[in-house]
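What follows is the content of run_0.txt, which has compact mmCIF, C-alpha atoms and all ligand atoms:
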# COMPACT_ATOMS: atom_id res chain seq x y z
CA MET A 121 365.83 119.55 92.00
CA LEU A 122 367.64 118.24 88.90
CA ILE A 123 366.16 115.40 86.89
CA LEU A 124 367.93 113.70 84.01
CA VAL A 125 365.66 112.47 81.21
CA ILE A 126 366.93 109.65 79.02
CA ASN A 127 365.39 108.60 75.70
CA CYS A 128 367.12 105.61 74.14
CA GLY A 129 366.59 104.78 70.48
CA SER A 130 368.07 101.83 68.62
CA SER A 131 371.29 103.72 67.80
CA SER A 132 371.03 106.90 69.85
CA VAL A 133 370.63 108.20 73.38
CA LYS A 134 368.96 111.60 73.82
CA TYR A 135 369.33 113.26 77.20
CA GLU A 136 368.16 116.40 78.91
CA LEU A 137 368.85 117.77 82.38
CA LEU A 138 365.96 119.78 83.78
CA ASN A 139 365.25 121.88 86.82
CA VAL A 140 361.76 120.70 87.70
CA ALA A 141 360.91 123.47 90.18
CA LYS A 142 361.64 126.12 87.57
CA GLU A 143 360.39 123.96 84.68
CA THR A 144 363.55 124.83 82.77
CA SER A 145 366.07 122.87 80.76
CA ILE A 146 369.70 123.20 81.80
CA CYS A 147 371.38 121.25 79.04
CA GLY A 148 370.75 118.40 76.68
CA GLY A 149 372.15 116.48 73.81
CA ILE A 150 372.42 113.27 71.89
CA VAL A 151 374.88 110.43 71.52
CA GLU A 152 374.41 109.20 67.95
CA CYS A 153 375.44 106.33 65.70
CA ILE A 154 376.02 104.00 68.63
CA GLY A 155 377.91 100.95 67.40
CA GLY A 156 378.92 102.71 64.18
CA VAL A 157 382.18 104.24 63.03
CA ARG A 158 380.72 107.77 63.07
CA SER A 159 379.51 107.79 66.69
CA SER A 160 379.45 111.25 68.18
CA VAL A 161 378.08 113.35 70.99
CA ALA A 162 376.41 116.74 70.62
CA HIS A 163 375.91 118.62 73.88
CA GLU A 164 374.27 122.00 74.34
CA VAL A 165 373.92 124.05 77.49
CA VAL A 166 370.90 126.36 77.36
CA ASP A 167 372.12 129.81 76.25
CA GLY A 168 375.56 128.25 75.74
CA GLU A 169 377.46 126.83 72.83
CA LEU A 170 376.82 123.55 71.03
CA ILE A 171 379.73 121.16 71.42
CA LYS A 172 379.93 118.33 68.90
CA ARG A 173 382.65 115.74 68.81
CA ARG A 174 383.32 112.30 67.41
CA ILE A 175 383.70 109.74 70.17
CA PRO A 176 383.92 105.96 69.98
CA CYS A 177 380.80 104.36 71.42
CA LYS A 178 380.13 100.67 71.01
CA ASP A 179 376.84 100.27 72.90
CA HIS A 180 374.19 101.98 75.02
CA HIS A 181 376.18 101.44 78.21
CA GLU A 182 379.09 103.41 76.78
CA ALA A 183 376.65 106.03 75.54
CA ILE A 184 375.31 106.55 79.08
CA GLU A 185 378.92 106.78 80.33
CA ILE A 186 379.49 109.50 77.73
CA VAL A 187 376.36 111.31 78.99
CA ARG A 188 377.66 111.15 82.57
CA ASP A 189 381.16 112.29 81.58
CA THR A 190 379.71 115.14 79.53
CA LEU A 191 377.52 116.31 82.42
CA ILE A 192 380.43 116.38 84.87
CA ASP A 193 383.07 117.57 82.39
CA PRO A 194 384.91 120.45 84.15
CA ARG A 195 384.96 122.59 80.96
CA HIS A 196 381.43 122.26 79.56
CA GLY A 197 379.63 120.18 82.17
CA VAL A 198 377.00 121.45 84.55
CA LEU A 199 377.34 119.04 87.49
CA SER A 200 380.11 118.50 89.99
CA ASP A 201 379.00 114.95 90.68
CA VAL A 202 376.38 112.46 89.46
CA SER A 203 374.78 112.57 92.91
CA ASP A 204 373.59 116.10 92.02
CA VAL A 205 370.96 114.33 89.90
CA ALA A 206 367.91 113.58 92.06
CA GLY A 207 366.31 111.14 89.65
CA VAL A 208 366.51 109.70 86.17
CA GLY A 209 363.34 109.52 84.06
CA HIS A 210 363.30 107.07 81.17
CA ARG A 211 361.04 107.23 78.15
CA VAL A 212 359.73 103.71 77.56
CA VAL A 213 357.55 103.17 74.51
CA HIS A 214 355.53 100.12 75.54
CA GLY A 215 354.05 99.44 78.95
CA GLY A 216 351.64 96.76 77.69
CA GLU A 217 348.42 96.41 79.65
CA GLU A 218 350.27 96.65 82.94
CA PHE A 219 351.41 100.24 83.33
CA HIS A 220 348.67 102.84 83.61
CA SER A 221 351.04 105.53 84.81
CA SER A 222 354.71 106.27 85.38
CA THR A 223 356.46 104.04 87.87
CA LEU A 224 359.56 103.69 90.00
CA ILE A 225 361.83 101.09 88.41
CA ASP A 226 362.67 97.93 90.31
CA ARG A 227 363.47 94.39 89.22
CA SER A 228 359.85 93.45 88.56
CA VAL A 229 359.32 96.57 86.42
CA ILE A 230 362.41 95.63 84.40
CA ARG A 231 361.00 92.13 83.89
CA SER A 232 357.71 93.57 82.65
CA ILE A 233 359.42 95.95 80.23
CA GLU A 234 361.41 92.97 78.99
CA LYS A 235 358.16 91.05 78.52
CA PHE A 236 356.68 93.89 76.43
CA SER A 237 359.76 93.98 74.18
CA GLU A 238 357.91 91.52 71.98
CA LEU A 239 355.29 94.22 71.36
CA ALA A 240 357.89 96.95 70.67
CA PRO A 241 361.01 95.14 69.45
CA LEU A 242 362.64 98.31 68.11
CA HIS A 243 361.96 100.46 71.15
CA ASN A 244 361.81 98.58 74.46
CA PRO A 245 365.17 96.73 74.21
CA PRO A 246 367.27 99.94 73.88
CA ALA A 247 365.22 101.58 76.66
CA LEU A 248 366.00 98.60 78.87
CA GLU A 249 369.69 98.84 78.08
CA GLY A 250 369.56 102.50 79.05
CA ILE A 251 367.75 101.72 82.30
CA LYS A 252 370.17 98.97 83.29
CA SER A 253 373.19 101.15 82.48
CA CYS A 254 371.82 104.15 84.38
CA MET A 255 371.19 101.95 87.41
CA LYS A 256 374.92 101.17 87.41
CA ILE A 257 376.30 104.53 86.30
CA PHE A 258 373.91 106.70 88.35
CA GLU A 259 373.98 104.27 91.25
CA LEU A 260 371.74 105.20 94.19
CA VAL A 261 369.82 107.67 92.00
CA PRO A 262 366.16 106.53 91.71
CA GLN A 263 364.99 105.64 88.20
CA VAL A 264 361.49 106.12 86.86
CA ALA A 265 359.86 104.73 83.71
CA VAL A 266 357.39 106.92 81.79
CA PHE A 267 355.41 104.98 79.20
CA ASP A 268 354.16 106.23 75.82
CA THR A 269 351.20 103.89 76.11
CA ALA A 270 350.13 104.84 79.65
CA PHE A 271 347.93 107.83 78.80
CA HIS A 272 345.74 105.67 76.57
CA HIS A 273 344.81 103.24 79.31
CA ALA A 274 341.50 104.93 79.89
CA MET A 275 340.30 103.79 76.44
CA PRO A 276 337.11 101.75 76.70
CA GLU A 277 337.22 98.11 75.65
CA TYR A 278 335.13 98.76 72.54
CA ALA A 279 337.74 101.30 71.39
CA TYR A 280 340.80 99.16 72.01
CA CYS A 281 339.53 95.70 70.96
CA TYR A 282 339.96 94.65 67.35
CA GLY A 283 337.33 92.63 65.51
CA ILE A 284 339.52 89.53 65.38
CA PRO A 285 339.04 86.21 67.21
CA TYR A 286 339.01 87.10 70.89
CA LYS A 287 341.41 84.26 71.66
CA TYR A 288 344.21 86.28 69.99
CA TYR A 289 343.62 89.13 72.39
CA LYS A 290 343.73 86.73 75.33
CA LYS A 291 346.75 84.82 74.01
CA TYR A 292 348.92 87.61 72.61
CA ALA A 293 347.38 90.82 74.01
CA ILE A 294 346.66 92.00 70.45
CA ARG A 295 344.70 95.23 70.90
CA LYS A 296 345.04 98.93 70.37
CA TYR A 297 347.56 100.49 72.78
CA GLY A 298 348.23 103.92 71.28
CA PHE A 299 351.48 105.86 71.46
CA HIS A 300 352.84 109.42 71.91
CA GLY A 301 350.89 109.35 75.19
CA THR A 302 353.29 111.66 77.01
CA SER A 303 352.94 114.28 74.29
CA HIS A 304 349.13 114.00 74.13
CA ARG A 305 349.00 114.28 77.94
CA TYR A 306 351.38 117.25 78.01
CA VAL A 307 349.44 119.29 75.44
CA SER A 308 346.13 118.34 77.11
CA ILE A 309 347.38 119.81 80.41
CA LYS A 310 348.58 122.94 78.60
CA ALA A 311 345.34 123.28 76.62
CA ALA A 312 343.30 123.10 79.84
CA LEU A 313 345.42 125.98 81.20
CA VAL A 314 344.85 128.02 78.03
CA LEU A 315 341.11 127.27 78.20
CA LYS A 316 341.12 128.15 81.92
CA LYS A 317 339.23 124.95 82.74
CA PRO A 318 340.14 122.03 85.01
CA LEU A 319 341.73 119.20 83.03
CA GLU A 320 338.93 116.86 84.16
CA GLU A 321 336.43 119.06 82.37
CA VAL A 322 338.05 119.48 78.96
CA ASN A 323 337.29 117.60 75.77
CA LEU A 324 340.06 117.82 73.20
CA ILE A 325 341.33 116.40 69.96
CA THR A 326 345.12 116.41 70.12
CA ALA A 327 347.16 115.93 66.94
CA HIS A 328 350.81 114.97 67.41
CA LEU A 329 352.24 115.44 63.92
CA GLY A 330 355.96 114.70 63.85
CA ASN A 331 357.99 111.92 62.28
CA GLY A 332 355.34 109.66 63.70
CA CYS A 333 351.80 111.06 63.74
CA SER A 334 348.81 110.29 65.92
CA ILE A 335 345.52 111.90 66.89
CA THR A 336 343.80 111.35 70.22
CA ALA A 337 340.28 111.99 71.47
CA VAL A 338 340.54 113.31 75.04
CA ALA A 339 337.35 113.31 77.15
CA GLY A 340 337.52 114.88 80.59
CA GLY A 341 341.32 114.96 80.34
CA LYS A 342 341.56 111.25 79.50
CA SER A 343 342.38 109.50 76.24
CA ILE A 344 339.33 107.61 75.00
CA ASP A 345 340.57 106.78 71.51
CA THR A 346 343.68 107.27 69.43
CA SER A 347 344.75 106.67 65.85
CA MET A 348 347.79 104.45 66.47
CA GLY A 349 347.08 100.87 67.40
CA PHE A 350 348.84 97.66 68.35
CA THR A 351 351.97 99.31 66.93
CA PRO A 352 352.79 102.87 65.83
CA LEU A 353 352.06 101.91 62.22
CA ASP A 354 348.31 102.54 62.27
CA GLY A 355 346.30 105.67 61.56
CA LEU A 356 347.63 108.77 59.83
CA LEU A 357 350.06 108.89 56.94
CA MET A 358 353.56 109.54 58.35
CA GLY A 359 357.09 110.27 57.17
CA THR A 360 357.85 106.68 56.14
CA ARG A 361 354.88 104.78 57.63
CA SER A 362 351.73 103.94 55.70
CA GLY A 363 349.21 104.47 58.48
CA SER A 364 345.92 102.55 58.06
CA ILE A 365 345.54 100.27 55.08
CA ASP A 366 343.22 97.40 54.31
CA PRO A 367 344.95 94.42 56.02
CA ALA A 368 344.29 92.37 52.88
CA VAL A 369 346.92 94.49 51.09
CA VAL A 370 349.52 92.77 53.29
CA PHE A 371 348.82 89.21 52.17
CA PHE A 372 348.11 90.26 48.57
CA LEU A 373 351.53 91.93 48.34
CA MET A 374 353.28 89.09 50.16
CA LYS A 375 351.94 86.68 47.55
CA LYS A 376 352.49 88.85 44.48
CA GLU A 377 355.98 90.07 45.37
CA ASN A 378 357.03 86.96 47.26
CA LEU A 379 357.71 88.99 50.39
CA THR A 380 358.43 87.72 53.89
CA ALA A 381 356.77 89.22 56.98
CA GLU A 382 359.96 91.21 57.56
CA ASP A 383 359.95 92.55 53.99
CA ILE A 384 356.39 93.77 54.23
CA SER A 385 357.00 95.28 57.67
CA ASP A 386 359.99 97.12 56.21
CA ALA A 387 357.93 98.38 53.26
CA LEU A 388 355.09 99.66 55.45
CA ASN A 389 357.27 101.11 58.20
CA LYS A 390 360.23 102.50 56.29
CA LYS A 391 359.31 102.93 52.64
CA SER A 392 355.74 104.21 52.76
CA GLY A 393 354.10 107.43 53.94
CA PHE A 394 355.33 110.74 52.52
CA LEU A 395 358.42 109.00 51.18
CA GLY A 396 356.66 106.10 49.54
CA VAL A 397 353.83 108.07 47.93
CA SER A 398 355.88 111.07 46.78
CA GLY A 399 359.17 109.36 46.00
CA VAL A 400 360.69 112.63 47.19
CA SER A 401 361.28 112.60 50.94
CA ASN A 402 359.95 111.65 54.36
CA ASP A 403 360.19 115.29 55.47
CA ILE A 404 357.18 117.56 54.95
CA ARG A 405 359.50 120.51 54.24
CA ASP A 406 360.77 118.74 51.10
CA ILE A 407 357.22 117.75 50.19
CA LEU A 408 356.07 121.38 50.40
CA GLU A 409 359.04 122.48 48.27
CA ALA A 410 358.31 119.80 45.67
CA ILE A 411 354.63 120.85 45.55
CA LYS A 412 355.76 124.41 44.74
CA GLU A 413 357.79 122.97 41.87
CA GLY A 414 354.68 121.21 40.56
CA ASN A 415 355.42 117.66 41.74
CA LYS A 416 352.07 115.84 41.55
CA ARG A 417 352.98 112.87 43.74
CA ALA A 418 354.24 115.20 46.47
CA LYS A 419 350.85 116.95 46.29
CA LEU A 420 349.10 113.58 46.48
CA ALA A 421 351.09 112.61 49.60
CA TYR A 422 350.22 115.93 51.22
CA ASP A 423 346.55 115.58 50.28
CA ILE A 424 346.34 112.06 51.75
CA PHE A 425 347.97 113.36 54.94
CA VAL A 426 345.55 116.27 55.33
CA TYR A 427 342.49 114.23 54.31
CA ARG A 428 343.17 111.65 56.99
CA ILE A 429 343.67 114.29 59.66
CA LYS A 430 340.29 115.69 58.64
CA LYS A 431 338.63 112.27 58.86
CA TYR A 432 340.01 111.63 62.34
CA ILE A 433 339.01 115.06 63.62
CA GLY A 434 335.50 114.51 62.26
CA SER A 435 335.14 111.07 63.77
CA TYR A 436 336.57 112.10 67.14
CA ALA A 437 334.29 115.14 67.20
CA ALA A 438 331.41 112.68 66.76
CA VAL A 439 332.75 110.48 69.57
CA LEU A 440 333.30 113.42 71.95
CA GLY A 441 330.16 115.44 71.24
CA ASN A 442 331.47 118.68 72.62
CA VAL A 443 335.04 119.68 71.69
CA ASP A 444 336.74 122.52 73.60
CA ALA A 445 339.83 122.57 71.41
CA VAL A 446 341.69 120.87 68.59
CA VAL A 447 345.40 121.03 69.41
CA PHE A 448 348.31 120.68 66.96
CA THR A 449 351.77 119.77 68.17
CA ALA A 450 355.19 118.25 67.29
CA GLY A 451 357.47 119.07 64.31
CA ILE A 452 354.75 119.38 61.66
CA GLY A 453 351.93 120.42 64.00
CA GLU A 454 353.99 123.29 65.40
CA ASN A 455 355.59 124.49 62.17
CA VAL A 456 353.09 124.05 59.36
CA PRO A 457 350.19 126.39 60.27
CA GLU A 458 348.49 125.69 56.94
CA ILE A 459 347.22 122.37 58.34
CA LYS A 460 345.59 123.97 61.38
CA ASN A 461 344.13 126.72 59.18
CA GLU A 462 342.69 124.24 56.72
CA MET A 463 341.11 122.21 59.54
CA LYS A 464 339.65 125.37 61.02
CA LYS A 465 338.03 126.11 57.67
CA SER A 466 336.76 122.54 57.24
CA PHE A 467 335.28 122.49 60.73
CA SER A 468 333.66 125.92 60.72
CA TYR A 469 330.64 124.34 62.44
CA LEU A 470 332.89 123.44 65.39
CA VAL A 471 334.42 126.94 65.44
CA GLU A 472 330.92 128.42 65.50
CA SER A 473 330.02 126.28 68.48
CA GLY A 474 333.09 127.51 70.40
CA THR A 475 335.84 124.96 69.56
CA ARG A 476 339.29 126.58 69.54
CA PHE A 477 342.01 125.47 67.11
CA MET A 478 345.40 125.95 68.72
CA THR A 479 349.09 125.09 68.42
CA ILE A 480 350.94 124.03 71.55
CA ARG A 481 354.63 123.19 71.62
CA THR A 482 355.06 119.72 73.09
CA ASN A 483 357.61 119.02 75.82
CA GLU A 484 357.67 115.33 76.62
CA GLU A 485 360.96 115.68 78.50
CA LEU A 486 359.43 118.16 80.95
CA LEU A 487 356.51 115.84 81.68
CA ILE A 488 358.87 112.87 82.12
CA ALA A 489 360.95 114.99 84.53
CA LYS A 490 357.84 116.11 86.45
CA ASP A 491 356.53 112.54 86.76
CA THR A 492 359.96 111.40 87.93
CA TYR A 493 360.14 114.17 90.51
CA LYS A 494 356.63 113.41 91.78
CA ILE A 495 357.32 109.70 92.13
CA ILE A 496 360.65 110.06 93.90
CA THR A 497 359.36 112.70 96.33
CA GLU A 498 356.32 110.53 97.15
CA GLN A 499 358.66 107.62 97.75
CA THR A 500 360.88 109.55 100.19
CA LYS A 501 357.92 110.93 102.21
P1 LIG A 601 359.54 113.11 66.38
O1 LIG A 601 358.17 112.61 66.06
O2 LIG A 601 360.64 112.20 65.95
O3 LIG A 601 359.70 113.65 67.78
P2 LIG A 601 359.43 115.85 65.48
O4 LIG A 601 358.26 116.16 66.32
O5 LIG A 601 360.68 116.61 65.73
O6 LIG A 601 359.78 114.32 65.41
O7 LIG A 601 358.99 116.08 63.96
C1 LIG A 601 359.88 115.89 62.91
C2 LIG A 601 359.22 116.26 61.59
O8 LIG A 601 358.62 117.55 61.71
C3 LIG A 601 360.22 116.39 60.46
O9 LIG A 601 360.35 115.19 59.77
C4 LIG A 601 359.59 117.44 59.58
O10 LIG A 601 358.76 116.81 58.65
C5 LIG A 601 358.75 118.27 60.51
N1 LIG A 601 359.36 119.58 60.81
C6 LIG A 601 360.30 119.87 61.72
N2 LIG A 601 360.61 121.18 61.71
C7 LIG A 601 359.87 121.75 60.76
C8 LIG A 601 359.71 123.07 60.23
N3 LIG A 601 360.41 124.10 60.71
N4 LIG A 601 358.82 123.26 59.24
C9 LIG A 601 358.10 122.24 58.76
N5 LIG A 601 358.20 120.96 59.21
C10 LIG A 601 359.05 120.72 60.18
Please render this file's structure as structure tokens.
Ligand code: ADP
Amino acid sequence: MLILVINCGSSSVKYELLNVAKETSICGGIVECIGGVRSSVAHEVVDGELIKRRIPCKDHHEAIEIVRDTLIDPRHGVLSDVSDVAGVGHRVVHGGEEFHSSTLIDRSVIRSIEKFSELAPLHNPPALEGIKSCMKIFELVPQVAVFDTAFHHAMPEYAYCYGIPYKYYKKYAIRKYGFHGTSHRYVSIKAALVLKKPLEEVNLITAHLGNGCSITAVAGGKSIDTSMGFTPLDGLLMGTRSGSIDPAVVFFLMKKENLTAEDISDALNKKSGFLGVSGVSNDIRDILEAIKEGNKRAKLAYDIFVYRIKKYIGSYAAVLGNVDAVVFTAGIGENVPEIKNEMKKSFSYLVESGTRFMTIRTNEELLIAKDTYKIITEQTK
């Protein structure tokens, strides 16, 4: 059974076609620079060549048309018709307080995703455009939404409530939601397999360290706390995001530098983190290079990053009591073993009590495809 996974960003559409029964990818690619003069598509069939070409693309609807045309292209495509796709799974960042798991998309689901656009203005609107376009372009093919926030719904109230006037929670749903849920869930399932224990019996600390970074405390296979909050700005230091800061810094800076809310949001989301501290780059590979060349601010950025990871692991170990494994994943987690090794050294008391430190490659697309498959087969029973 073939499932198409769609991940819409503000100016890109990533796609992957998977065979769920075999848990394999067939092909995938990205339509980039949507709405720009340099829009292009890159398409790669597994074990095949990468085909890149410039193609005009004014919006997400056209991007999805390009995805369809690429998939059925007689030269490089893999499908004879769109009806070969059994379901389309969409990555949706914010499911608010409503979606505790993946769901079949209908009109009311679309309305809810629209409602939560206020909470994720950069992410939910393009996802919605993708969903609406796929419903037209892959007509009759069921569509499923898989939410980044869903895995964190098991968090207890005392973990997700902020210490602000309760009326703001009631009025605006201001609380911790957490993100990267599909990745944390995927590596939790994999870690349970490695540990040879049922998922319901494992306690884990999962660290998704990519462009965005978050750490989750997983008790009995469920997320009970996570480092990102109301938005993906909280917690660890990231490529361009500050992570946690004293909220008073926001109004102090706004006053001193005469900044608007948008300016300060831009500074904390796009000009902070590795980039802001080091002045070198948002990419840890450049930071590591600069450290070798003796760049002190690059070293400082790296030290802040590692120190915070250590603090979260320590606090989540306290919250969990017993920890079966600490799992590292995503671009940095999978490729910079020094971080795992340093944590292993710092937490020798955990290692001595049996905690494993492991790296697991994340595969959010596979989990989105599996959820989609499960939901559409349940629906047709
Ligand atoms: P996203 O969070 O957008 O899914 P990724 O998980 O792909 O991103 O992580 C991207 C980041 O991972 C890059 O910015 C880079 O810092 C880091 N990264 C990717 N590949 C490597 C590598 N081979 N070595 C070190 N760091 C890497």
* Asked: If you count only C-alpha atoms, which residues fall within 8 Å of A:Ile433, apart from same-chain ones fewer than 4 positions away, as a ChimeraX atom specification?
  -> /A:325,335,429,437
Dump as CSV the rows for residues of chain A within 7 Å of ligand LIG 601 (chain A): closest atom pair and distance in Å with one decimal, all atoms listed in the file counted, ordered by chain and rising residue number.
residue,atom,partner,partner_atom,distance
A:Leu329,CA,A:LIG601,O4,6.5
A:Gly330,CA,A:LIG601,O7,3.3
A:Asn331,CA,A:LIG601,O1,3.8
A:Gly332,CA,A:LIG601,O1,4.7
A:Cys333,CA,A:LIG601,O1,7.0
A:Gly359,CA,A:LIG601,O9,6.4
A:Asn402,CA,A:LIG601,O9,6.5
A:Asp403,CA,A:LIG601,O10,3.8
A:Ile404,CA,A:LIG601,O10,4.1
A:Arg405,CA,A:LIG601,C9,5.0
A:Ala450,CA,A:LIG601,O4,3.8
A:Gly451,CA,A:LIG601,O8,3.2
A:Ile452,CA,A:LIG601,O8,4.3
A:Asn455,CA,A:LIG601,N4,4.5
A:Val456,CA,A:LIG601,C9,5.4
* Contacts of A:Glu321 within 8 Å, all atoms listed in the file, excl. fewer than 4 positions in-chain, as JSON, numbers by chain -> {"A": [317, 339, 340, 341]}
* Asked: Taking only C-alpha atoms into account, which of A:Gly301, A:Gly155, A:Pro352, A:Pro276 comes nearest A:Ser131?
  -> A:Gly155
* **stretch 482-497 of chain A surroundings by all atoms listed in the file, 9 Å radius, close-in-sequence under 5 positions cut, as number ranges by chain** => A: 121-127, 135-141, 143-145, 206-211, 222-224, 262-266, 300, 302-307, 328, 449-450, 454
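Close contacts of A:Lys178, defined as residues with an atom at most 10 Å away when counting all atoms listed in the file, with chain neighbours fewer than 3 positions off set aside, comprise Ser131, Cys153, Ile154, Gly155, Gly156, Val157, Ser159, Ile175, His181, Glu182 and Ala183 of chain A.
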* Asked: For A:Asp179, which residue among A:Val166, A:Val151, A:Met348, A:Ile459 is the nearest when counting all atoms listed in the file?
  -> A:Val151
What would stretch 313-330 of chain A look like with N, CA and C atoms in place, written as a short mmCIF file (atom, residue, chain, number, x, y, z; two decimals), keeping the file's coordinate frame?
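Everything below was put into rebuild05.cif:
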data_model
loop_
_atom_site.label_atom_id
_atom_site.label_comp_id
_atom_site.auth_asym_id
_atom_site.auth_seq_id
_atom_site.Cartn_x
_atom_site.Cartn_y
_atom_site.Cartn_z
N LEU A 313 344.97 124.70 80.62
CA LEU A 313 345.42 125.98 81.20
C LEU A 313 345.00 127.14 80.30
N VAL A 314 345.22 126.97 78.99
CA VAL A 314 344.85 128.02 78.03
C VAL A 314 343.33 128.27 78.09
N LEU A 315 342.58 127.16 78.19
CA LEU A 315 341.11 127.27 78.20
C LEU A 315 340.57 127.73 79.56
N LYS A 316 341.48 127.77 80.54
CA LYS A 316 341.12 128.15 81.92
C LYS A 316 340.02 127.24 82.48
N LYS A 317 340.19 125.93 82.23
CA LYS A 317 339.23 124.95 82.74
C LYS A 317 340.01 123.85 83.44
N PRO A 318 339.43 123.19 84.44
CA PRO A 318 340.14 122.03 85.01
C PRO A 318 340.32 120.94 83.95
N LEU A 319 341.44 120.26 84.01
CA LEU A 319 341.73 119.20 83.03
C LEU A 319 340.58 118.19 82.96
N GLU A 320 340.00 117.88 84.10
CA GLU A 320 338.93 116.86 84.16
C GLU A 320 337.67 117.31 83.42
N GLU A 321 337.65 118.58 83.02
CA GLU A 321 336.43 119.06 82.37
C GLU A 321 336.64 119.39 80.88
N VAL A 322 337.85 119.11 80.37
CA VAL A 322 338.05 119.48 78.96
C VAL A 322 337.94 118.29 78.02
N ASN A 323 337.34 118.56 76.87
CA ASN A 323 337.29 117.60 75.77
C ASN A 323 338.16 118.16 74.64
N LEU A 324 339.10 117.33 74.19
CA LEU A 324 340.06 117.82 73.20
C LEU A 324 340.28 116.79 72.10
N ILE A 325 340.76 117.29 70.98
CA ILE A 325 341.33 116.40 69.96
C ILE A 325 342.77 116.87 69.81
N THR A 326 343.72 116.00 70.16
CA THR A 326 345.12 116.41 70.12
C THR A 326 345.82 115.70 68.96
N ALA A 327 346.49 116.49 68.12
CA ALA A 327 347.16 115.93 66.94
C ALA A 327 348.66 116.09 67.10
N HIS A 328 349.34 114.98 67.35
CA HIS A 328 350.81 114.97 67.41
C HIS A 328 351.29 114.63 66.01
N LEU A 329 351.80 115.64 65.31
CA LEU A 329 352.24 115.44 63.92
C LEU A 329 353.75 115.68 63.85
N GLY A 330 354.50 114.60 63.93
CA GLY A 330 355.96 114.70 63.85
C GLY A 330 356.46 113.70 62.83
#
